[in-house]
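Coordinates from model.cif are shown below (mmCIF, C-alpha atoms and all ligand atoms).
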```
data_final
loop_
_atom_site.label_atom_id
_atom_site.label_comp_id
_atom_site.auth_asym_id
_atom_site.auth_seq_id
_atom_site.Cartn_x
_atom_site.Cartn_y
_atom_site.Cartn_z
CA MET A 23 -8.26 -20.95 10.10
CA VAL A 24 -7.86 -17.50 11.59
CA LYS A 25 -7.93 -16.78 15.31
CA GLY A 26 -10.70 -14.68 16.90
CA VAL A 27 -9.22 -11.23 16.22
CA ILE A 28 -7.46 -9.89 13.14
CA ASP A 29 -5.18 -6.87 13.29
CA PHE A 30 -5.03 -5.72 9.68
CA TYR A 31 -2.12 -3.36 8.96
CA TYR A 32 -2.32 -1.61 5.63
CA PHE A 33 -1.04 1.25 3.57
CA SER A 34 -2.87 2.72 0.62
CA GLY A 35 -1.65 5.67 -1.42
CA THR A 36 -4.67 6.41 -3.58
CA GLY A 37 -7.39 4.11 -2.27
CA ASN A 38 -7.15 0.79 -4.16
CA THR A 39 -5.64 -1.11 -1.27
CA LEU A 40 -8.02 0.57 1.16
CA LEU A 41 -11.04 -0.68 -0.83
CA VAL A 42 -9.65 -4.22 -0.88
CA VAL A 43 -8.84 -4.15 2.85
CA GLN A 44 -12.29 -2.74 3.71
CA LYS A 45 -14.04 -5.46 1.68
CA MET A 46 -12.00 -8.14 3.43
CA ARG A 47 -12.79 -6.56 6.80
CA ASP A 48 -16.52 -6.68 5.95
CA VAL A 49 -16.33 -10.39 5.08
CA PHE A 50 -14.43 -11.21 8.28
CA THR A 51 -16.88 -9.20 10.36
CA LEU A 52 -19.87 -11.01 8.84
CA GLU A 53 -18.17 -14.24 9.84
CA GLY A 54 -18.01 -13.05 13.44
CA ILE A 55 -14.31 -12.22 13.43
CA ARG A 56 -13.29 -8.95 15.03
CA VAL A 57 -11.06 -6.84 12.77
CA ASN A 58 -8.96 -3.85 13.78
CA LEU A 59 -7.69 -1.79 10.85
CA HIS A 60 -4.37 -0.03 11.42
CA LYS A 61 -2.62 2.38 9.09
CA ILE A 62 0.97 1.23 8.69
CA GLU A 63 2.22 4.80 8.59
CA GLU A 64 0.74 5.42 12.05
CA SER A 65 1.65 2.08 13.61
CA ASN A 66 4.57 0.83 15.62
CA PRO A 67 5.44 -2.77 14.68
CA GLU A 68 6.57 -3.45 18.24
CA ASP A 69 3.03 -2.83 19.48
CA ILE A 70 1.41 -5.68 17.56
CA ASN A 71 -0.48 -8.31 19.50
CA LEU A 72 1.06 -11.66 18.69
CA ASN A 73 -2.00 -13.50 20.00
CA HIS A 74 -4.06 -12.07 17.13
CA THR A 75 -3.95 -12.98 13.46
CA VAL A 76 -2.02 -10.33 11.55
CA GLY A 77 -3.01 -9.03 8.11
CA LEU A 78 -0.78 -6.97 5.82
CA GLY A 79 -2.10 -4.92 2.89
CA PHE A 80 -0.05 -2.66 0.63
CA PRO A 81 0.36 -1.53 -2.99
CA ILE A 82 3.10 -2.69 -5.31
CA ALA A 83 5.55 0.06 -6.21
CA GLU A 84 8.49 -0.32 -8.53
CA MET A 85 8.16 -4.10 -8.47
CA SER A 86 8.37 -4.07 -4.69
CA THR A 87 6.61 -1.89 -2.17
CA TYR A 88 7.39 1.38 -0.42
CA ASN A 89 10.43 1.58 1.84
CA PHE A 90 8.39 2.49 4.90
CA VAL A 91 6.14 -0.54 4.35
CA TRP A 92 9.19 -2.77 4.10
CA ASN A 93 10.64 -1.18 7.20
CA PHE A 94 7.44 -1.88 9.09
CA ILE A 95 7.42 -5.53 8.01
CA LYS A 96 11.09 -6.05 8.72
CA ALA A 97 10.64 -4.56 12.20
CA LEU A 98 7.81 -6.92 13.16
CA PRO A 99 8.80 -8.76 16.34
CA LYS A 100 9.70 -12.45 16.37
CA THR A 101 6.98 -14.74 17.65
CA THR A 102 6.82 -18.12 19.36
CA LEU A 103 3.02 -18.06 19.59
CA SER A 104 2.23 -19.55 16.16
CA THR A 105 0.96 -16.14 15.07
CA GLU A 106 -0.84 -16.48 11.77
CA ILE A 107 -0.22 -13.87 9.11
CA PHE A 108 -1.72 -13.20 5.69
CA MET A 109 -1.01 -10.57 3.05
CA VAL A 110 -2.74 -8.88 0.16
CA ASP A 111 -1.21 -6.48 -2.32
CA THR A 112 -2.80 -4.44 -5.08
CA LEU A 113 -1.06 -3.76 -8.35
CA ALA A 114 -1.54 -2.63 -11.90
CA GLY A 115 -0.25 -5.83 -13.46
CA PHE A 116 3.20 -7.06 -12.44
CA SER A 117 4.51 -7.28 -8.89
CA GLY A 118 7.95 -8.70 -9.54
CA GLY A 119 7.31 -11.57 -7.09
CA ILE A 120 7.38 -9.89 -3.66
CA VAL A 121 5.23 -12.67 -2.18
CA GLY A 122 8.11 -15.18 -2.00
CA PRO A 123 10.76 -13.14 -0.16
CA LEU A 124 8.13 -11.70 2.17
CA ARG A 125 7.03 -15.18 3.17
CA GLU A 126 10.60 -16.15 4.01
CA ILE A 127 11.16 -13.06 6.17
CA LEU A 128 7.98 -13.72 8.14
CA LYS A 129 8.56 -17.45 8.47
CA ASN A 130 12.03 -16.78 9.83
CA LYS A 131 10.45 -14.59 12.49
CA GLY A 132 8.22 -17.49 13.56
CA TYR A 133 4.93 -16.46 11.90
CA ILE A 134 2.64 -18.95 10.18
CA PRO A 135 1.98 -17.56 6.69
CA CYS A 136 -1.62 -18.52 5.93
CA GLY A 137 -2.55 -16.61 2.79
CA ALA A 138 -1.14 -14.38 0.08
CA LYS A 139 -2.98 -12.72 -2.76
CA GLU A 140 -2.16 -10.14 -5.41
CA ILE A 141 -5.17 -8.22 -6.70
CA VAL A 142 -5.08 -6.21 -9.92
CA MET A 143 -6.66 -2.77 -9.59
CA PRO A 144 -6.46 0.32 -11.82
CA PRO A 145 -2.97 1.78 -12.23
CA ASN A 146 -2.49 4.96 -10.25
CA ILE A 147 0.72 5.69 -12.12
CA PHE A 148 1.02 6.10 -15.89
CA PHE A 149 -2.67 6.78 -15.53
CA ILE A 150 -4.54 6.99 -18.84
CA GLN A 151 -7.67 4.94 -18.35
CA ASP A 152 -11.21 6.16 -18.69
CA ALA A 153 -13.63 6.06 -15.77
CA GLY A 154 -15.60 3.06 -17.13
CA ALA A 155 -12.53 0.84 -17.42
CA CYS A 156 -11.43 1.81 -13.92
CA LYS A 157 -14.82 1.08 -12.40
CA LYS A 158 -14.87 -2.40 -13.95
CA LYS A 159 -11.37 -3.16 -12.71
CA VAL A 160 -12.24 -2.00 -9.20
CA GLU A 161 -15.37 -4.17 -9.16
CA GLU A 162 -13.41 -7.22 -10.28
CA GLY A 163 -10.69 -6.53 -7.73
CA ILE A 164 -13.19 -6.21 -4.90
CA GLN A 165 -14.84 -9.49 -5.89
CA LYS A 166 -11.44 -11.16 -5.69
CA ALA A 167 -10.88 -9.60 -2.26
CA GLU A 168 -14.22 -10.98 -1.09
CA LYS A 169 -13.40 -14.49 -2.29
CA TYR A 170 -9.92 -14.32 -0.79
CA ALA A 171 -11.27 -13.29 2.62
CA GLN A 172 -13.75 -16.18 2.48
CA ASP A 173 -10.89 -18.53 1.67
CA ILE A 174 -8.94 -17.25 4.66
CA VAL A 175 -11.93 -17.83 6.94
CA ASN A 176 -12.49 -21.32 5.55
CA GLY A 177 -8.84 -22.29 5.83
CA LYS A 178 -8.54 -22.59 2.05
CA SER A 179 -6.10 -19.75 1.45
CA GLN A 180 -2.45 -20.47 0.94
CA TRP A 181 0.86 -18.71 1.17
CA GLY A 182 2.51 -21.76 -0.17
CA ARG A 183 6.02 -22.47 -1.21
CA VAL A 184 6.75 -19.99 -3.92
CA PRO A 185 8.72 -21.39 -6.85
CA VAL A 186 12.41 -20.63 -6.77
CA LEU A 187 11.93 -18.85 -10.08
CA SER A 188 9.69 -16.28 -8.45
CA ASP A 189 12.29 -15.52 -5.76
CA ALA A 190 15.03 -15.32 -8.36
CA MET A 191 12.93 -12.99 -10.48
CA TYR A 192 12.26 -10.78 -7.48
CA TYR A 193 15.89 -10.44 -6.49
CA ALA A 194 16.95 -9.92 -10.10
CA SER A 195 14.44 -7.12 -10.54
CA ARG A 196 15.53 -5.51 -7.26
CA ALA A 197 19.18 -5.74 -8.19
CA SER A 198 18.69 -4.28 -11.62
CA LEU A 199 16.23 -1.56 -10.73
CA LYS A 200 17.09 -0.54 -7.15
CA LEU A 201 14.63 2.24 -7.68
CA THR A 202 12.96 2.52 -4.32
CA GLU A 203 16.17 2.11 -2.35
CA SER A 204 18.13 4.62 -4.36
CA ASN A 205 15.16 6.99 -4.48
CA ILE A 206 15.96 7.76 -8.08
CA ASN A 207 12.55 9.35 -8.33
CA GLN A 208 13.80 12.18 -6.08
CA LYS A 209 16.11 13.22 -8.86
CA PHE A 210 14.01 12.71 -11.96
CA LEU A 211 10.38 12.67 -10.90
CA ARG A 212 10.32 14.93 -7.88
CA LEU A 213 6.87 16.24 -7.02
CA GLU A 214 6.55 19.95 -6.45
CA THR A 215 3.75 22.39 -5.82
CA ASP A 216 2.67 24.74 -8.55
CA GLU A 217 2.43 27.96 -6.55
CA GLU A 218 0.16 29.63 -9.11
CA GLU A 219 -2.49 26.96 -8.52
CA CYS A 220 -1.93 26.22 -4.82
CA ARG A 221 -4.30 27.84 -2.31
CA LYS A 222 -2.27 26.74 0.73
CA CYS A 223 -5.09 24.51 2.06
CA GLY A 224 -2.56 22.12 3.61
CA ILE A 225 -4.28 18.93 2.43
CA CYS A 226 -1.06 17.61 0.86
CA TYR A 227 0.79 18.28 4.11
CA ARG A 228 -1.83 16.30 6.06
CA LEU A 229 -1.93 13.46 3.53
CA CYS A 230 1.76 12.69 3.21
CA PRO A 231 2.45 9.35 4.96
CA VAL A 232 6.13 10.06 5.46
CA ASN A 233 5.95 13.73 6.50
CA ASN A 234 7.91 14.78 3.44
CA ILE A 235 5.86 17.95 2.99
CA GLU A 236 6.49 20.86 5.31
CA MET A 237 4.27 23.88 5.63
CA GLU A 238 4.85 27.01 7.65
CA GLU A 239 1.79 29.09 8.42
CA GLY A 240 0.78 31.17 5.41
CA GLU A 241 3.51 29.64 3.24
CA TYR A 242 3.36 27.28 0.26
CA PRO A 243 4.04 23.58 0.96
CA GLN A 244 7.66 22.56 0.56
CA HIS A 245 8.51 19.04 -0.66
CA GLY A 246 11.57 17.37 0.84
CA PHE A 247 13.69 14.62 -0.69
CA ASN A 248 12.16 11.63 1.10
CA CYS A 249 9.11 11.22 -1.09
CA GLU A 250 8.07 7.58 -1.53
CA TYR A 251 6.04 8.46 -4.58
CA CYS A 252 2.76 7.01 -3.30
CA LEU A 253 1.00 9.78 -5.25
CA ARG A 254 -1.40 10.74 -2.49
CA CYS A 255 -0.56 14.42 -2.59
CA THR A 256 -0.77 14.69 -6.36
CA SER A 257 -3.96 12.62 -6.55
CA PHE A 258 -5.91 14.35 -3.84
CA CYS A 259 -4.83 17.98 -4.25
CA PRO A 260 -8.16 19.71 -4.87
CA ARG A 261 -6.50 22.17 -7.25
CA GLY A 262 -4.36 19.67 -9.16
CA ALA A 263 -1.46 21.83 -8.04
CA ILE A 264 1.05 18.98 -7.62
CA PRO A 265 1.47 17.66 -11.15
CA CYS A 266 2.53 14.05 -11.64
CA PRO A 267 5.14 14.07 -14.39
CA VAL A 268 4.52 10.48 -15.49
CA ASN A 269 0.75 10.55 -15.87
CA TYR A 270 -0.95 11.14 -19.19
CA LYS A 271 -1.89 14.81 -19.52
CA GLY A 272 -1.56 15.17 -15.75
CA LYS A 273 -4.59 12.93 -15.08
CA THR A 274 -4.63 11.60 -11.54
CA TYR A 275 -6.29 8.55 -10.04
CA GLN A 276 -8.12 8.28 -6.77
CA ALA A 277 -10.29 5.34 -5.69
CA VAL A 278 -11.74 7.03 -2.58
CA LYS A 279 -12.19 10.52 -1.18
CA ALA A 280 -9.29 12.35 0.48
CA LYS A 281 -11.02 12.31 3.87
CA GLU A 282 -10.17 8.59 4.22
CA PHE A 283 -6.53 9.55 4.63
CA LEU A 284 -6.56 12.98 6.25
CA LYS A 285 -4.67 13.17 9.50
C1 LIG B 1 5.56 4.72 -7.83
C2 LIG B 1 4.64 3.62 -8.25
C3 LIG B 1 5.16 2.46 -8.75
C4 LIG B 1 4.32 1.42 -9.17
N1 LIG B 1 4.89 0.27 -9.60
C5 LIG B 1 4.09 -0.75 -9.98
C6 LIG B 1 4.69 -1.98 -10.41
O1 LIG B 1 5.92 -2.17 -10.42
N2 LIG B 1 3.86 -2.97 -10.82
C7 LIG B 1 2.49 -2.83 -10.83
O2 LIG B 1 1.81 -3.76 -11.22
N3 LIG B 1 1.90 -1.67 -10.40
C8 LIG B 1 2.67 -0.63 -9.98
N4 LIG B 1 2.10 0.54 -9.53
C9 LIG B 1 0.62 0.66 -9.51
C10 LIG B 1 0.01 0.40 -8.12
O3 LIG B 1 0.60 -0.72 -7.51
C11 LIG B 1 -1.50 0.15 -8.17
O4 LIG B 1 -2.19 1.10 -8.89
C12 LIG B 1 -2.04 0.04 -6.73
O5 LIG B 1 -3.29 -0.59 -6.77
C13 LIG B 1 -2.17 1.37 -6.02
O6 LIG B 1 -2.69 1.15 -4.74
P1 LIG B 1 -3.15 2.31 -3.77
O7 LIG B 1 -4.27 3.07 -4.48
O8 LIG B 1 -3.65 1.61 -2.56
O9 LIG B 1 -1.98 3.17 -3.51
C14 LIG B 1 2.90 1.57 -9.10
C15 LIG B 1 2.39 2.76 -8.57
C16 LIG B 1 3.24 3.78 -8.17
C17 LIG B 1 2.64 5.04 -7.59
#
```
Please render this file's structure as structure tokens.
Amino acid sequence: MVKGVIDFYYFSGTGNTLLVVQKMRDVFTLEGIRVNLHKIEESNPEDINLNHTVGLGFPIAEMSTYNFVWNFIKALPKTTLSTEIFMVDTLAGFSGGIVGPLREILKNKGYIPCGAKEIVMPPNIFFIQDAGACKKKVEEGIQKAEKYAQDIVNGKSQWGRVPVLSDAMYYASRASLKLTESNINQKFLRLETDEEECRKCGICYRLCPVNNIEMEEGEYPQHGFNCEYCLRCTSFCPRGAIPCPVNYKGKTYQAVKAKEFLK
């Protein structure tokens, strides 16, 4: 059973996680629970209120999640106040088992893990789907989010003991891939602006959650080497001027409008 106020910390690159988090917020609110949404990229983990229930929402990336999301979670303060915590992630199909290790980290900090859910949404990477298939997947995902939030309210959700196999699978996949940590994508899949298409509107600069895009006045945006590959810039560029090398024919995915993320 959640306490009176939920502080829901989330990151969403292209909108899937945002839709799920917003649906959950709506369910909680209808149940009379106050919910504060916080963007992880703009939040300081040390500022969290340990008297509130904490929610975490994030996308799966490379069978884990983004480094800055991990950093936020790892920097959460220890608690002795029986602070409840729940999580939700969105994914295209296979998360690699992040739920297990995350639970252990949070339990060791003193939190009470009270719910974990992985919700399949359209892939925003290797994107080839048609609009109809995406819409259906989003609808199904949002229904699951609604049910999950109800379960949290009713004390039916669980972040139970995750089988050892799941933990083993997670660590094996991390050890073999090491993609996010090594930032291999900076070498092979680096995003860059097509200067013929770019109109220097600065939207990519304002969207980047890790300030990896710099822009001097009147100049084209310059991409650094700390991209987390959340695909916000490529997805929301109004000119399609930041091509995503792994998407089919350069198609990009966005579940919401850019204004949801503009700083
Ligand atoms: C770099 C990157 C890596 C991804 N890796 C995975 C993955 O390992 N497994 C998976 O199921 N989905 C993966 N996805 C798909 C996203 O998790 C999924 O589309 C998610 O719902 C996107 O959420 P968002 O719109 O809130 O950013 C990946 C997406 C990106 C951009």
Given 9 Å and all atoms listed in the file, residues near ligand LIG 1 (chain B) as an NGL selection string: :A and (32-42 or 79-88 or 111-118 or 141-149 or 202 or 207 or 250-254 or 275-278)
Can you list every residue of segment 245-267 of chain A that has an atom at most 8 Å from segment 223-228 of chain A, with its nearest atom pair and the distance in Å to one decimal, using only C-alpha atoms, ordered by chain then number, as JSON lines?
```
{"residue": "A:Arg254", "atom": "CA", "partner": "A:Cys226", "partner_atom": "CA", "distance": 7.7}
{"residue": "A:Cys255", "atom": "CA", "partner": "A:Cys226", "partner_atom": "CA", "distance": 4.7}
{"residue": "A:Thr256", "atom": "CA", "partner": "A:Cys226", "partner_atom": "CA", "distance": 7.8}
{"residue": "A:Phe258", "atom": "CA", "partner": "A:Cys226", "partner_atom": "CA", "distance": 7.5}
{"residue": "A:Cys259", "atom": "CA", "partner": "A:Cys226", "partner_atom": "CA", "distance": 6.4}
```
Would you output that residue set with C-alpha atoms, as a PDB file, keeping the file's coordinate frame?
```pdb
ATOM      1  CA  ARG A 254      -1.400  10.740  -2.490  1.00  0.00           C
ATOM      2  CA  CYS A 255      -0.560  14.420  -2.590  1.00  0.00           C
ATOM      3  CA  THR A 256      -0.770  14.690  -6.360  1.00  0.00           C
ATOM      4  CA  PHE A 258      -5.910  14.350  -3.840  1.00  0.00           C
ATOM      5  CA  CYS A 259      -4.830  17.980  -4.250  1.00  0.00           C
TER       6      CYS A 259
END
```
Nearest candidate to Gly77 of chain A (options A:Ile55, A:Val268, A:Val110, A:Met237; using all atoms listed in the file): A:Val110
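Atom pair atom CA of Phe90 of chain A / atom CA of Glu162 of chain A has a distance of 28.3 Å (rounded to one decimal).
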Nearby residues, (-7.7, -22.5, 6.5) file frame, 8 Å, only C-alpha atoms, as a ChimeraX atom specification: /A:23-24,136,173-180
Protein and nucleic acid residues near (1.3, -17.4, 11.4) (cut-off 6 Å, only C-alpha atoms) as number ranges by chain: A: 104-107, 133-135
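Near Val27 of chain A, within 7 Å and counting only C-alpha atoms, sit Ile55, Arg56, Val57, His74 and Thr75 of chain A; same-chain residues fewer than 5 positions away were not included.
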What would the file look like if the residues just selected were written as a compact mmCIF listing (two decimals), in the coordinates of the input with C-alpha atoms?
```txt
# COMPACT_ATOMS: atom_id res chain seq x y z
CA ILE A 55 -14.31 -12.22 13.43
CA ARG A 56 -13.29 -8.95 15.03
CA VAL A 57 -11.06 -6.84 12.77
CA HIS A 74 -4.06 -12.07 17.13
CA THR A 75 -3.95 -12.98 13.46
```
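Nearest residue to Gly272 of chain A among A:Ile150, A:Cys220, A:Leu98, A:Leu124 is A:Ile150, counting all atoms listed in the file.
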With only C-alpha atoms as the counted atoms, please give the residues lying no more than 9 Å from Pro267 of chain A, apart from itself and same-chain residues fewer than 6 positions off, as a compact mmCIF listing (two decimals) with C-alpha atoms, in the coordinates of the input.
```txt
# COMPACT_ATOMS: atom_id res chain seq x y z
CA LEU A 211 10.38 12.67 -10.90
CA ARG A 212 10.32 14.93 -7.88
CA LEU A 213 6.87 16.24 -7.02
```
Residue among A:Gln151, A:Asn71, A:Ser65, A:Asn58 lying closest to Pro231 of chain A, counting all atoms listed in the file: A:Ser65
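Taking atom CA of His245 of chain A as the reference point, atom CA of Asn89 of chain A is found at 17.7 Å.
Straight-line separation from atom CA of Asn248 of chain A to atom CA of Asp69 of chain A: 25.1 Å.
Residue nearest Asp216 of chain A within the list A:Gly132, A:Gly262, A:Gly137, A:Gly122: A:Gly262 [criterion: smallest interatomic distance, all atoms listed in the file].
When the distance limit is 9 Å and all atoms listed in the file are what count, the residues near Val49 of chain A, minus those fewer than 2 positions from it on the same chain, are Gln44, Lys45, Met46, Arg47, Thr51, Leu52, Glu53, Gly54, Ile55, Glu168, Lys169, Ala171, Gln172 and Val175 of chain A.
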